[in-house]
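Heads up: the structure comes next, in structure tokens.
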Amino acid sequence: MQETITKTETEEIIRDNLDYTLFSWSKQKGINPIAVKYGEGVYLYDYDGKRYIDFSSGLMNVNIGHGNQRVTDAVVKQMQQVSYVTPNCVTKIRGELGKKLAEICPGDLSKAFFTLCGASSIENAIKLARLYSGRHKILSRYQSYHGSSNAAMTVSGDPRKLSVDSQQAPNFVHFDLPYLYRWEFGEENLLKEAVTSLGRIIAYEGPGNIAAILLEGESGSSGCLKYPVGYLKHVREICNKHSILLIMDEVMSGFGRTGRWFGFENHNIIPDMIAMAKGLTSGYLPFGCLMIADKIVSKYDDMPLALGLTYSAHPVSCAAALEMLKIYEDDDLIENTKHMGKYVDEQVELLKQKHPSIGDWRNTGLLGCIELVKNKKTKEPMAPFNAKPDEMTIMNKVAAKIKELGMYTFVRWSYIFIAPPLIITKEQIDEGLKIISEALKIADEEID
Ligand SMILES: Cc1ncc(COP(=O)(O)O)c(C=O)c1O
């Protein structure tokens with residue numbers, strides 16, 4: 001079925017991409033991308049026929065795996081009817097998707113505003129929180145990423161924003177939330193410290209000025225830095241006390257990734273808004289959604305809701321999303337995530353005994369990350385936070401080995417992410433971990 005292509009044609013494909021397109025978050029020269037010809041299940045294939053196991057589900061978004069024909073069929077069917085209608089027309093698919101999302105979301109989170117991606121869900125959440133509350137400040141965690149558009153980048157604490165520091169939007173306040181592995185005083189103390197310091201920051205900033213607190217459902221690209229047990233419940237209580245809205249960013253942690261529909265469900269809380277994207281369509285089409293509590297939207301029953309996008313509720317993306325939700329259910333993917341997540345946990349524990357460079361392993365469902373260290377006692381990281389290129393020498397070697405051995409995954413600073421598609425089997429997990437184990441030999445040699 002796949003057409004064959006010569007070596008020179010492959011080179012031309014890569015050259016055109018390098019010559020005429022730009023690459024995110026990287027210097028533009030010296031890039032060596034995988035030229036992907038097709039994807040199937042947990043695998044990607046390049047034009048030379050080399051197979052890569054996709055251990056990060058693309059950018060932790062291709063939850064159902066690659067090449068699922070059901071999605072293609074649903075998309076084609078919708079396109080054959082109508083590809084675009086303005087957001088003030090309705091389609092059958094939009095209503096059905098809204099209804100289905102209301103079913104899977106807890107509490108009174110039953111109104112969907114459809115967006116285009118994660119950042120546009122976050123932008124609209126921030127805007128609506130301010131409009132609704134009449135307050136201006138938004139609080140968020142330093143150890144977070146919420147998107148690269150202006151407000152989404154500012155609300156993120158991720159150091160990717162530092163190079164555009166001068167463009168930060170006003171009225172965003174960040175707080176620090178350390179994680180257990182690098183906290184010397186125990187989990188109970190961490191929870192106490194985290195809750196009291198948040199309380200202090202709210203007092204300093206003036207609770208009456210704070211529209212919302214925004215947090216990831218489970219931490220993602222910052223290194224899967226877990227919340228202390230009980231933390232989100234305290235945050236919910238603090239929000240209730242001061243009438244501050246709680247927005248959960250489920251862009252990465254949503255749609256089964258953590259063994260639940262949403263990451264926050266691991267913490268027994270219900271937020272006021274949920275920002276979604278990624279797993280909503282598993283990346284088959286760009287799409288996002290902001291799910292909003294009825295108490296907020298009812299304010300706009302008789303006055304205009306100042307949100308709008310040309311492509312809001314795009315029928316074809318709605319079709320991809322609705323089929324996606326059926327696939328999660330029909331194929332029992334959330335259950336599989338729980339089981340496979342436990343299996344990865346067990347297997348990484350074994351790897352820990354074998355590899356002195358593994359400092360920590362943090363995982364929820366299939367959203368996990370290995371943190372490499374130079375010394376288990378001192379916990380000196382293999383590469384520092386926000387590592388400069390020359391501080392990445394060892395980690396770059398590890399990443400190159402992983403790629404050479406036939407794996408695609410996300411390697412950042414001292415972190416190797418393990419977040420495969422939720423369809424993964426034990427055999428495929430073994431295959432992937434064997435590659436990581438082999439690459440870790442490079443890091444093990446650097447131990448002091
Ligand atoms: C938690 C979280 N929020 C928001 C975003 C931004 O999503 P997008 O890149 O679709 O704008 C990301 C992207 O990685 C994310 O991980």
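Residue numbering restarts at 1 in every chain; chains get A, B, ... in the order shown in the structure tokens, and ligands count up from 1 in that same order.
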
Near-ligand residues for ligand 1, threshold 6 Å, only C-alpha atoms and all ligand atoms, as a PyMOL selection string: chain A and resi 117-119+145-147+216+220+249+251-252

Per DSSP on the backbone, filter stretch 263-300 of chain A down to the residues in strand (DSSP E) and report them as a PyMOL selection string. chain A and resi 273-276+288-293

Expected answer as JSON, numbers by chain: alpha helix (DSSP H) residues in stretch 249-311 of chain A: {"A": [294, 295, 296, 297]}

Taking a cut-off of 7 Å and counting only C-alpha atoms, can you build a table that, for each residue of stretch 32-146 of chain A near stretch 160-171 of chain A, reports the nearest atom pair and how far apart they are in Å (one decimal), sorted by chain then residue number, as a Markdown table?
| residue | atom | partner | partner_atom | distance |
| --- | --- | --- | --- | --- |
| A:His136 | CA | A:Asn171 | CA | 6.3 |
| A:Lys137 | CA | A:Asn171 | CA | 4.8 |
| A:Ile138 | CA | A:Asn171 | CA | 6.5 |

Neighbouring residues of A:Thr10 were defined as those with any atom within 10 Å, considering only C-alpha atoms; residues of the same chain fewer than 3 positions away were excluded. Please report them as a PyMOL selection string. chain A and resi 5-7+13-15+35+37+46-48

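Closest to A:Gly157 among A:Leu215, A:Ile327, A:Ile126, A:Ile429 is A:Leu215, based on only C-alpha atoms.
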
Name the residues in contact with A:Lys376 at a cut-off of 12 Å, using only C-alpha atoms, excluding same-chain residues fewer than 6 positions from it; report them as a PDB file with all heavy atoms, in the first residue's frame.
ATOM      1  N   TYR A 181      11.067  14.422  45.511  1.00  0.00           N
ATOM      2  CA  TYR A 181      12.417  13.891  45.330  1.00  0.00           C
ATOM      3  C   TYR A 181      13.484  14.912  45.752  1.00  0.00           C
ATOM      4  O   TYR A 181      14.546  14.544  46.243  1.00  0.00           O
ATOM      5  CB  TYR A 181      12.609  13.478  43.865  1.00  0.00           C
ATOM      6  CG  TYR A 181      13.975  12.917  43.539  1.00  0.00           C
ATOM      7  CD1 TYR A 181      14.429  11.760  44.158  1.00  0.00           C
ATOM      8  CD2 TYR A 181      14.808  13.552  42.615  1.00  0.00           C
ATOM      9  CE1 TYR A 181      15.684  11.242  43.870  1.00  0.00           C
ATOM     10  CE2 TYR A 181      16.055  13.040  42.315  1.00  0.00           C
ATOM     11  CZ  TYR A 181      16.486  11.888  42.948  1.00  0.00           C
ATOM     12  OH  TYR A 181      17.725  11.382  42.658  1.00  0.00           O
ATOM     13  N   ARG A 182      13.190  16.178  45.542  1.00  0.00           N
ATOM     14  CA  ARG A 182      14.184  17.210  45.879  1.00  0.00           C
ATOM     15  C   ARG A 182      13.753  18.036  47.097  1.00  0.00           C
ATOM     16  O   ARG A 182      14.117  19.204  47.221  1.00  0.00           O
ATOM     17  CB  ARG A 182      14.442  18.085  44.659  1.00  0.00           C
ATOM     18  CG  ARG A 182      15.090  17.277  43.540  1.00  0.00           C
ATOM     19  CD  ARG A 182      15.600  18.085  42.390  1.00  0.00           C
ATOM     20  NE  ARG A 182      16.247  17.205  41.435  1.00  0.00           N
ATOM     21  CZ  ARG A 182      17.463  16.688  41.585  1.00  0.00           C
ATOM     22  NH1 ARG A 182      18.173  17.004  42.653  1.00  0.00           N
ATOM     23  NH2 ARG A 182      17.962  15.884  40.672  1.00  0.00           N
ATOM     24  N   LYS A 352      15.773   0.579  37.865  1.00  0.00           N
ATOM     25  CA  LYS A 352      16.421   1.409  38.903  1.00  0.00           C
ATOM     26  C   LYS A 352      17.544   0.632  39.594  1.00  0.00           C
ATOM     27  O   LYS A 352      18.577   1.205  39.932  1.00  0.00           O
ATOM     28  CB  LYS A 352      15.381   1.788  39.965  1.00  0.00           C
ATOM     29  CG  LYS A 352      14.901   3.202  39.907  1.00  0.00           C
ATOM     30  CD  LYS A 352      13.953   3.405  41.088  1.00  0.00           C
ATOM     31  CE  LYS A 352      13.649   4.847  41.332  1.00  0.00           C
ATOM     32  NZ  LYS A 352      12.689   5.010  42.434  1.00  0.00           N
ATOM     33  N   GLN A 353      17.274  -0.679  39.829  1.00  0.00           N
ATOM     34  CA  GLN A 353      18.300  -1.494  40.503  1.00  0.00           C
ATOM     35  C   GLN A 353      19.509  -1.720  39.596  1.00  0.00           C
ATOM     36  O   GLN A 353      20.624  -1.905  40.048  1.00  0.00           O
ATOM     37  CB  GLN A 353      17.699  -2.843  40.905  1.00  0.00           C
ATOM     38  CG  GLN A 353      16.676  -2.704  42.018  1.00  0.00           C
ATOM     39  CD  GLN A 353      15.731  -3.895  42.104  1.00  0.00           C
ATOM     40  OE1 GLN A 353      16.065  -4.984  41.662  1.00  0.00           O
ATOM     41  NE2 GLN A 353      14.556  -3.666  42.646  1.00  0.00           N
ATOM     42  N   HIS A 355      20.439   0.401  36.961  1.00  0.00           N
ATOM     43  CA  HIS A 355      21.094   1.618  36.451  1.00  0.00           C
ATOM     44  C   HIS A 355      21.287   2.658  37.547  1.00  0.00           C
ATOM     45  O   HIS A 355      20.320   3.293  37.985  1.00  0.00           O
ATOM     46  CB  HIS A 355      20.268   2.224  35.319  1.00  0.00           C
ATOM     47  CG  HIS A 355      20.189   1.355  34.114  1.00  0.00           C
ATOM     48  ND1 HIS A 355      21.254   1.167  33.257  1.00  0.00           N
ATOM     49  CD2 HIS A 355      19.184   0.585  33.646  1.00  0.00           C
ATOM     50  CE1 HIS A 355      20.899   0.334  32.293  1.00  0.00           C
ATOM     51  NE2 HIS A 355      19.654  -0.044  32.502  1.00  0.00           N
ATOM     52  N   PRO A 356      22.551   2.873  37.970  1.00  0.00           N
ATOM     53  CA  PRO A 356      22.789   3.873  39.028  1.00  0.00           C
ATOM     54  C   PRO A 356      22.423   5.293  38.604  1.00  0.00           C
ATOM     55  O   PRO A 356      22.278   6.172  39.457  1.00  0.00           O
ATOM     56  CB  PRO A 356      24.302   3.741  39.280  1.00  0.00           C
ATOM     57  CG  PRO A 356      24.870   3.043  38.086  1.00  0.00           C
ATOM     58  CD  PRO A 356      23.774   2.192  37.526  1.00  0.00           C
ATOM     59  N   SER A 357      22.247   5.525  37.315  1.00  0.00           N
ATOM     60  CA  SER A 357      21.934   6.898  36.872  1.00  0.00           C
ATOM     61  C   SER A 357      20.458   7.251  37.049  1.00  0.00           C
ATOM     62  O   SER A 357      20.086   8.422  36.912  1.00  0.00           O
ATOM     63  CB  SER A 357      22.331   7.081  35.401  1.00  0.00           C
ATOM     64  OG  SER A 357      21.662   6.131  34.591  1.00  0.00           O
ATOM     65  N   ILE A 358      19.598   6.262  37.343  1.00  0.00           N
ATOM     66  CA  ILE A 358      18.181   6.603  37.556  1.00  0.00           C
ATOM     67  C   ILE A 358      18.020   7.124  38.985  1.00  0.00           C
ATOM     68  O   ILE A 358      18.204   6.394  39.950  1.00  0.00           O
ATOM     69  CB  ILE A 358      17.238   5.396  37.334  1.00  0.00           C
ATOM     70  CG1 ILE A 358      17.367   4.860  35.897  1.00  0.00           C
ATOM     71  CG2 ILE A 358      15.784   5.798  37.623  1.00  0.00           C
ATOM     72  CD1 ILE A 358      16.425   3.704  35.579  1.00  0.00           C
ATOM     73  N   GLY A 359      17.701   8.401  39.095  1.00  0.00           N
ATOM     74  CA  GLY A 359      17.494   8.993  40.413  1.00  0.00           C
ATOM     75  C   GLY A 359      16.059   8.810  40.861  1.00  0.00           C
ATOM     76  O   GLY A 359      15.785   8.365  41.963  1.00  0.00           O
ATOM     77  N   ASP A 360      15.130   9.167  39.986  1.00  0.00           N
ATOM     78  CA  ASP A 360      13.720   9.143  40.382  1.00  0.00           C
ATOM     79  C   ASP A 360      12.870   8.707  39.196  1.00  0.00           C
ATOM     80  O   ASP A 360      13.264   8.880  38.023  1.00  0.00           O
ATOM     81  CB  ASP A 360      13.303  10.551  40.847  1.00  0.00           C
ATOM     82  CG  ASP A 360      12.014  10.550  41.652  1.00  0.00           C
ATOM     83  OD1 ASP A 360      11.634   9.490  42.202  1.00  0.00           O
ATOM     84  OD2 ASP A 360      11.376  11.616  41.739  1.00  0.00           O
ATOM     85  N   MET A 382      21.704  14.907  35.962  1.00  0.00           N
ATOM     86  CA  MET A 382      22.576  14.639  34.805  1.00  0.00           C
ATOM     87  C   MET A 382      22.683  15.878  33.912  1.00  0.00           C
ATOM     88  O   MET A 382      23.691  16.104  33.252  1.00  0.00           O
ATOM     89  CB  MET A 382      22.003  13.446  34.027  1.00  0.00           C
ATOM     90  CG  MET A 382      22.947  12.786  33.080  1.00  0.00           C
ATOM     91  SD  MET A 382      24.456  12.138  33.857  1.00  0.00           S
ATOM     92  CE  MET A 382      23.919  10.640  34.651  1.00  0.00           C
ATOM     93  N   ASP A 444      25.132   5.805  32.866  1.00  0.00           N
ATOM     94  CA  ASP A 444      25.731   5.088  34.009  1.00  0.00           C
ATOM     95  C   ASP A 444      27.243   5.327  34.084  1.00  0.00           C
ATOM     96  O   ASP A 444      27.814   5.371  35.171  1.00  0.00           O
ATOM     97  CB  ASP A 444      25.464   3.577  33.886  1.00  0.00           C
ATOM     98  CG  ASP A 444      23.998   3.225  34.120  1.00  0.00           C
ATOM     99  OD1 ASP A 444      23.271   4.071  34.679  1.00  0.00           O
ATOM    100  OD2 ASP A 444      23.586   2.119  33.730  1.00  0.00           O
ATOM    101  N   GLU A 446      28.759   7.966  33.621  1.00  0.00           N
ATOM    102  CA  GLU A 446      29.058   9.310  34.129  1.00  0.00           C
ATOM    103  C   GLU A 446      28.867   9.426  35.645  1.00  0.00           C
ATOM    104  O   GLU A 446      29.046  10.482  36.217  1.00  0.00           O
ATOM    105  CB  GLU A 446      28.175  10.349  33.434  1.00  0.00           C
ATOM    106  CG  GLU A 446      28.259  10.340  31.930  1.00  0.00           C
ATOM    107  CD  GLU A 446      29.652  10.695  31.432  1.00  0.00           C
ATOM    108  OE1 GLU A 446      30.318  11.517  32.092  1.00  0.00           O
ATOM    109  OE2 GLU A 446      30.074  10.130  30.402  1.00  0.00           O
ATOM    110  N   ILE A 447      28.472   8.336  36.263  1.00  0.00           N
ATOM    111  CA  ILE A 447      28.183   8.368  37.694  1.00  0.00           C
ATOM    112  C   ILE A 447      29.464   8.611  38.509  1.00  0.00           C
ATOM    113  O   ILE A 447      30.493   8.014  38.210  1.00  0.00           O
ATOM    114  CB  ILE A 447      27.581   6.987  38.124  1.00  0.00           C
ATOM    115  CG1 ILE A 447      26.213   6.814  37.482  1.00  0.00           C
ATOM    116  CG2 ILE A 447      27.516   6.820  39.638  1.00  0.00           C
ATOM    117  CD1 ILE A 447      25.166   7.759  37.976  1.00  0.00           C
ATOM    118  N   ASP A 448      29.372   9.495  39.514  1.00  0.00           N
ATOM    119  CA  ASP A 448      30.557   9.633  40.380  1.00  0.00           C
ATOM    120  C   ASP A 448      30.247   9.278  41.825  1.00  0.00           C
ATOM    121  O   ASP A 448      29.168   8.878  42.166  1.00  0.00           O
ATOM    122  CB  ASP A 448      31.161  11.049  40.285  1.00  0.00           C
ATOM    123  CG  ASP A 448      30.144  12.155  40.488  1.00  0.00           C
ATOM    124  OD1 ASP A 448      29.316  12.047  41.421  1.00  0.00           O
ATOM    125  OD2 ASP A 448      30.159  13.090  39.705  1.00  0.00           O
TER     126      ASP A 448
END

List as a tab-separated table (two decimals) with all heavy atoms, in the first residue's frame the protein and nucleic acid residues near stretch 259-272 of chain A, meaning an atom at most 6 Å away when only C-alpha atoms are counted, but skip any in the same chain fewer than 2 places from it.
chain	number	residue	atom	x	y	z
A	217	GLY	N	-3.63	19.25	35.46
A	217	GLY	CA	-4.31	18.14	36.16
A	217	GLY	C	-3.29	17.18	36.76
A	217	GLY	O	-3.43	16.71	37.88
A	218	GLU	N	-2.27	16.86	35.99
A	218	GLU	CA	-1.04	16.22	36.48
A	218	GLU	C	0.07	16.92	35.71
A	218	GLU	O	-0.08	17.20	34.52
A	218	GLU	CB	-0.97	14.72	36.18
A	218	GLU	CG	-1.92	13.85	36.98
A	218	GLU	CD	-1.54	13.67	38.45
A	218	GLU	OE1	-0.44	14.07	38.87
A	218	GLU	OE2	-2.39	13.13	39.18
A	246	LEU	N	-11.13	27.85	39.91
A	246	LEU	CA	-10.06	26.87	39.74
A	246	LEU	C	-10.14	26.30	38.32
A	246	LEU	O	-11.14	25.69	37.94
A	246	LEU	CB	-10.19	25.74	40.78
A	246	LEU	CG	-9.14	24.64	40.70
A	246	LEU	CD1	-7.72	25.19	40.84
A	246	LEU	CD2	-9.37	23.58	41.78
A	247	ILE	N	-9.07	26.57	37.55
A	247	ILE	CA	-9.01	26.08	36.16
A	247	ILE	C	-8.00	24.93	36.11
A	247	ILE	O	-6.86	25.10	36.52
A	247	ILE	CB	-8.54	27.19	35.20
A	247	ILE	CG1	-9.40	28.45	35.34
A	247	ILE	CG2	-8.56	26.69	33.75
A	247	ILE	CD1	-8.79	29.68	34.65
A	253	SER	N	-2.77	15.97	30.46
A	253	SER	CA	-3.15	14.89	31.39
A	253	SER	C	-4.55	14.35	31.16
A	253	SER	O	-4.95	13.39	31.81
A	253	SER	CB	-3.00	15.39	32.84
A	253	SER	OG	-3.73	16.58	33.03
A	254	GLY	N	-5.29	14.97	30.22
A	254	GLY	CA	-6.66	14.54	29.99
A	254	GLY	C	-6.78	13.33	29.07
A	254	GLY	O	-5.80	12.85	28.51
A	255	PHE	N	-8.00	12.84	28.96
A	255	PHE	CA	-8.36	11.77	28.03
A	255	PHE	C	-7.57	10.48	28.25
A	255	PHE	O	-6.91	9.97	27.36
A	255	PHE	CB	-8.31	12.29	26.59
A	255	PHE	CG	-9.27	13.42	26.41
A	255	PHE	CD1	-8.84	14.73	26.41
A	255	PHE	CD2	-10.63	13.17	26.34
A	255	PHE	CE1	-9.75	15.78	26.33
A	255	PHE	CE2	-11.55	14.21	26.28
A	255	PHE	CZ	-11.11	15.52	26.26
A	256	GLY	N	-7.66	10.02	29.50
A	256	GLY	CA	-7.14	8.70	29.82
A	256	GLY	C	-5.67	8.63	30.15
A	256	GLY	O	-5.20	7.63	30.70
A	257	ARG	N	-4.95	9.66	29.85
A	257	ARG	CA	-3.48	9.63	30.00
A	257	ARG	C	-3.03	9.18	31.39
A	257	ARG	O	-2.03	8.48	31.53
A	257	ARG	CB	-2.95	11.04	29.62
A	257	ARG	CG	-1.51	11.35	29.81
A	257	ARG	CD	-0.53	10.52	29.04
A	257	ARG	NE	-0.69	10.40	27.63
A	257	ARG	CZ	-0.13	9.39	26.93
A	257	ARG	NH1	0.60	8.46	27.53
A	257	ARG	NH2	-0.31	9.31	25.63
A	293	ALA	N	-18.21	25.43	33.86
A	293	ALA	CA	-19.30	25.12	34.80
A	293	ALA	C	-20.53	25.98	34.50
A	293	ALA	O	-20.40	27.16	34.13
A	293	ALA	CB	-18.83	25.37	36.24
A	334	ILE	N	-8.84	3.47	28.95
A	334	ILE	CA	-8.50	4.04	30.26
A	334	ILE	C	-8.11	2.91	31.22
A	334	ILE	O	-7.14	3.02	31.97
A	334	ILE	CB	-9.66	4.92	30.80
A	334	ILE	CG1	-9.89	6.07	29.79
A	334	ILE	CG2	-9.36	5.45	32.20
A	334	ILE	CD1	-10.95	7.06	30.14
A	337	THR	N	-4.71	1.75	30.35
A	337	THR	CA	-3.70	2.69	30.85
A	337	THR	C	-3.35	2.38	32.30
A	337	THR	O	-2.17	2.38	32.69
A	337	THR	CB	-4.23	4.14	30.75
A	337	THR	OG1	-4.60	4.36	29.40
A	337	THR	CG2	-3.19	5.15	31.17
A	338	LYS	N	-4.40	2.09	33.10
A	338	LYS	CA	-4.14	1.77	34.52
A	338	LYS	C	-3.24	0.55	34.61
A	338	LYS	O	-2.24	0.55	35.34
A	338	LYS	CB	-5.47	1.45	35.22
A	338	LYS	CG	-6.22	2.66	35.65
A	338	LYS	CD	-7.42	2.23	36.50
A	338	LYS	CE	-8.44	3.35	36.55
A	338	LYS	NZ	-9.81	2.90	36.56
A	365	GLY	N	-0.57	6.72	35.66
A	365	GLY	CA	-1.08	6.08	34.44
A	365	GLY	C	0.05	5.88	33.46
A	365	GLY	O	1.01	5.16	33.75

Using only C-alpha atoms, determine which residues lie at most 12 Å from A:Glu391, disregarding the query and same-chain residues fewer than 3 positions distant; provide the list as a count of residues only. 15

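One finds atom CA of A:Phe172 at 7.0 Å from atom CA of A:Thr154.
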